[in-house]
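I have placed the structure first, in the form of structure tokens, so that the comments after it can refer back to it.
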Amino acid sequence: MDPPVVPRERLDGWRRVDEVTERAFAAGPVSVDACTVRYERDASEPPRPFCFASRLEIRPPSAPNPALTALVERQAQSGFRDRLAERDIEGVEHRGDRGISVDDPSASRATLSTFRGVARVGDRRGVPLEALLAVWATDEYLLGGGAYPLEEASYPSGGTPGDARRELLGIVRGIASPGDPAGAD
């Protein structure tokens, strides 16, 4: 399975660090595999901002529908919290959900979930982070998101957490299925 496409022009200053396909979850007769590509911000001090894009393959094949979408969103949130914990982000709290548009005009509105937590970095005190997860459907399910520090000191080049949020949302909105003419590789 190919990963989703992330527009190159939105990844200036980011480097690709991982691509993996794995079983995301199974619920009864339904199983879901995810092909995920992950990026980290270049030359950032830990905790480094990161972003990811995932494409889901559902077995047995099923077109997106409200019940399946609710299951995918619940499982994606649970898996995202687990991934944040693997990155030593503690005390993760779900701060709410809202709808956002993505660039693909044929896609549904994405459900954007916001989380807050604290990253432990060596012996340093914890660094507060915000993490975003978006889930939407085209003829398949796509996910995108990431996390960034909420401290001004984490952005030595004059950037702010607001800049990081806008940049991450721009990346997420541009994620597309492979072969989608709206996407770039």
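Identifiers in the structure tokens: chain A, B, ... in order shown; residue index from 1 per chain; ligand index from 1 in order shown.
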
Within 6 Å of range 44-58 of chain A, counting only C-alpha atoms, which residues qualify if same-chain residues fewer than 5 places away don't, as a compact mmCIF listing (two decimals) with all heavy atoms, in the first residue's frame?
```txt
# COMPACT_ATOMS: atom_id res chain seq x y z
N PRO A 3 1.72 5.24 0.70
CA PRO A 3 1.30 6.24 1.69
C PRO A 3 0.54 7.37 1.00
O PRO A 3 0.59 7.51 -0.23
CB PRO A 3 2.62 6.75 2.26
CG PRO A 3 3.59 6.59 1.14
CD PRO A 3 3.15 5.33 0.42
N PRO A 4 -0.14 8.19 1.77
CA PRO A 4 -0.78 9.36 1.18
C PRO A 4 0.30 10.33 0.70
O PRO A 4 1.46 10.24 1.07
CB PRO A 4 -1.60 9.95 2.32
CG PRO A 4 -0.94 9.46 3.54
CD PRO A 4 -0.33 8.13 3.21
N SER A 31 -10.82 -5.15 9.98
CA SER A 31 -9.44 -4.83 10.31
C SER A 31 -9.02 -3.62 9.48
O SER A 31 -9.54 -3.39 8.39
CB SER A 31 -8.50 -6.01 10.04
OG SER A 31 -8.43 -6.28 8.65
N VAL A 32 -8.09 -2.86 10.04
CA VAL A 32 -7.64 -1.64 9.38
C VAL A 32 -6.12 -1.61 9.40
O VAL A 32 -5.50 -1.72 10.47
CB VAL A 32 -8.20 -0.38 10.09
CG1 VAL A 32 -7.68 0.89 9.43
CG2 VAL A 32 -9.72 -0.41 10.09
N ASP A 33 -5.52 -1.48 8.23
CA ASP A 33 -4.08 -1.28 8.10
C ASP A 33 -3.85 0.18 7.76
O ASP A 33 -4.64 0.80 7.04
CB ASP A 33 -3.49 -2.17 7.02
CG ASP A 33 -3.56 -3.64 7.39
OD1 ASP A 33 -3.48 -3.96 8.60
OD2 ASP A 33 -3.69 -4.47 6.49
N ALA A 34 -2.75 0.72 8.28
CA ALA A 34 -2.41 2.13 8.03
C ALA A 34 -1.02 2.21 7.44
O ALA A 34 -0.08 1.60 7.95
CB ALA A 34 -2.47 2.92 9.32
N CYS A 35 -0.89 2.97 6.37
CA CYS A 35 0.41 3.30 5.81
C CYS A 35 0.67 4.76 6.20
O CYS A 35 -0.10 5.65 5.84
CB CYS A 35 0.41 3.12 4.30
SG CYS A 35 2.05 3.37 3.59
N THR A 36 1.73 4.95 6.98
CA THR A 36 2.00 6.26 7.57
C THR A 36 3.39 6.75 7.20
O THR A 36 4.36 5.98 7.24
CB THR A 36 1.89 6.18 9.11
OG1 THR A 36 0.57 5.73 9.44
CG2 THR A 36 2.16 7.52 9.77
N VAL A 37 3.47 8.02 6.87
CA VAL A 37 4.75 8.68 6.65
C VAL A 37 4.86 9.79 7.69
O VAL A 37 3.87 10.46 7.99
CB VAL A 37 4.87 9.20 5.20
CG1 VAL A 37 3.82 10.21 4.87
CG2 VAL A 37 6.25 9.75 4.92
N ARG A 38 6.06 9.92 8.30
CA ARG A 38 6.25 10.88 9.38
C ARG A 38 7.43 11.80 9.06
O ARG A 38 8.42 11.36 8.48
CB ARG A 38 6.51 10.15 10.70
CG ARG A 38 6.50 11.06 11.91
CD ARG A 38 6.51 10.26 13.22
NE ARG A 38 7.56 9.27 13.29
CZ ARG A 38 8.81 9.52 13.70
NH1 ARG A 38 9.17 10.73 14.06
NH2 ARG A 38 9.70 8.56 13.74
N TYR A 39 7.28 13.06 9.46
CA TYR A 39 8.29 14.09 9.23
C TYR A 39 8.61 14.78 10.55
O TYR A 39 7.76 14.88 11.43
CB TYR A 39 7.77 15.16 8.25
CG TYR A 39 7.40 14.62 6.90
CD1 TYR A 39 6.14 14.07 6.68
CD2 TYR A 39 8.29 14.67 5.85
CE1 TYR A 39 5.79 13.57 5.43
CE2 TYR A 39 7.95 14.17 4.59
CZ TYR A 39 6.70 13.63 4.40
OH TYR A 39 6.36 13.13 3.16
N TYR A 141 -10.19 6.50 3.91
CA TYR A 141 -9.94 7.38 5.06
C TYR A 141 -8.49 7.85 5.06
O TYR A 141 -7.58 7.07 4.82
CB TYR A 141 -10.25 6.67 6.37
CG TYR A 141 -11.72 6.49 6.60
CD1 TYR A 141 -12.36 5.31 6.29
CD2 TYR A 141 -12.49 7.55 7.09
CE1 TYR A 141 -13.72 5.15 6.49
CE2 TYR A 141 -13.85 7.41 7.29
CZ TYR A 141 -14.46 6.20 6.98
OH TYR A 141 -15.81 6.06 7.16
N LEU A 142 -8.32 9.14 5.35
CA LEU A 142 -6.99 9.74 5.49
C LEU A 142 -6.91 10.39 6.87
O LEU A 142 -7.91 10.87 7.40
CB LEU A 142 -6.76 10.80 4.41
CG LEU A 142 -6.76 10.29 2.97
CD1 LEU A 142 -6.70 11.46 1.99
CD2 LEU A 142 -5.59 9.34 2.73
N LEU A 143 -5.70 10.39 7.42
CA LEU A 143 -5.44 11.02 8.71
C LEU A 143 -4.21 11.88 8.56
O LEU A 143 -3.31 11.57 7.78
CB LEU A 143 -5.14 9.98 9.80
CG LEU A 143 -6.27 9.14 10.37
CD1 LEU A 143 -6.81 8.16 9.36
CD2 LEU A 143 -5.78 8.40 11.58
N GLY A 144 -4.15 12.94 9.33
CA GLY A 144 -2.96 13.78 9.37
C GLY A 144 -2.91 14.49 10.69
O GLY A 144 -3.92 14.67 11.37
N GLY A 145 -1.72 14.89 11.07
CA GLY A 145 -1.58 15.62 12.32
C GLY A 145 -0.14 15.78 12.71
O GLY A 145 0.77 15.65 11.89
N GLY A 146 0.05 16.05 13.98
CA GLY A 146 1.39 16.24 14.51
C GLY A 146 1.34 17.00 15.82
O GLY A 146 0.27 17.14 16.42
N ALA A 147 2.50 17.49 16.25
CA ALA A 147 2.60 18.22 17.51
C ALA A 147 3.72 19.24 17.44
O ALA A 147 4.65 19.09 16.64
CB ALA A 147 2.84 17.25 18.67
N TYR A 148 3.60 20.25 18.29
CA TYR A 148 4.60 21.32 18.33
C TYR A 148 4.61 21.91 19.75
O TYR A 148 3.61 21.89 20.46
CB TYR A 148 4.28 22.40 17.30
CG TYR A 148 2.84 22.85 17.35
CD1 TYR A 148 2.45 23.88 18.20
CD2 TYR A 148 1.87 22.20 16.60
CE1 TYR A 148 1.13 24.27 18.28
CE2 TYR A 148 0.54 22.58 16.68
CZ TYR A 148 0.18 23.61 17.51
OH TYR A 148 -1.14 23.97 17.61
```

**Residues near range 150-159 of chain A, cut-off 12 Å, only C-alpha atoms, skip fewer than 5 positions along chain, as a list in words** = Arg41, Asp42, Ala43, Ser44, Glu45, Pro46, Pro47, Arg48, Pro49, Phe115, Arg116, Gly117, Val118, Ala119, Gly126, Val127, Pro128, Leu129, Glu130, Ala131, Ala164, Arg165, Arg166 and Glu167 of chain A

**Message:** Need the shell around Gly96 in chain A: protein/DNA/RNA residues with any atom at most 12 Å away, counting only C-alpha atoms. Skip same-chain ones fewer than 2 positions apart. Format as a list in words?
**Reply:** Gln77, Glu93, His94, Arg98, Gly99, Thr111, Leu112, Ser113, Thr114, Phe115, Arg116, Glu130, Ala131, Leu132, Leu133 and Ala134 of chain A

**Asked** Where does DSSP see strand (DSSP E) in range 37-173 of chain A, if you list the residues as number ranges by chain?
**Response** A: 37-41, 50-59, 89-100, 110-119, 127-137, 141-149

**Prompt:** What is the distance between CA of Glu19 in chain A and CA of Pro7 in chain A, in Å to one decimal?
**Reply:**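 Atom-to-atom, CA of Glu19 in chain A to CA of Pro7 in chain A, that is 15.9 Å.
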
**helix (DSSP H, G or I) positions in range 6-150 of chain A, given as a PyMOL selection string** = chain A and resi 8-10+66-86

**Asked** How many Å lie between CA of Trp136 in chain A and CA of Asp18 in chain A, rounded to one decimal?
**Response** 22.1 Å

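Separating CA of Ala26 in chain A from CA of Arg59 in chain A is a distance of 9.3 Å.
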
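Omitting Val102 in chain A and its sequence neighbours fewer than 5 positions away, and counting only C-alpha atoms, the residues within 12 Å are Ala107, Ser108, Arg109, Ala110, Thr111, Leu112, Ala134, Val135, Trp136, Ala137, Thr138, Leu142, Leu143, Gly144, Leu169, Gly170, Ile171, Val172, Arg173, Gly174, Ile175, Ala176, Ala182 and Gly183 of chain A.
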
**From A:Val30, A:Asp123, A:Asp88, A:Asp103, residue lying nearest Leu71 in chain A [only C-alpha atoms]** =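 Looking only at the distances to Leu71 in chain A, the closest residue turns out to be A:Val30.
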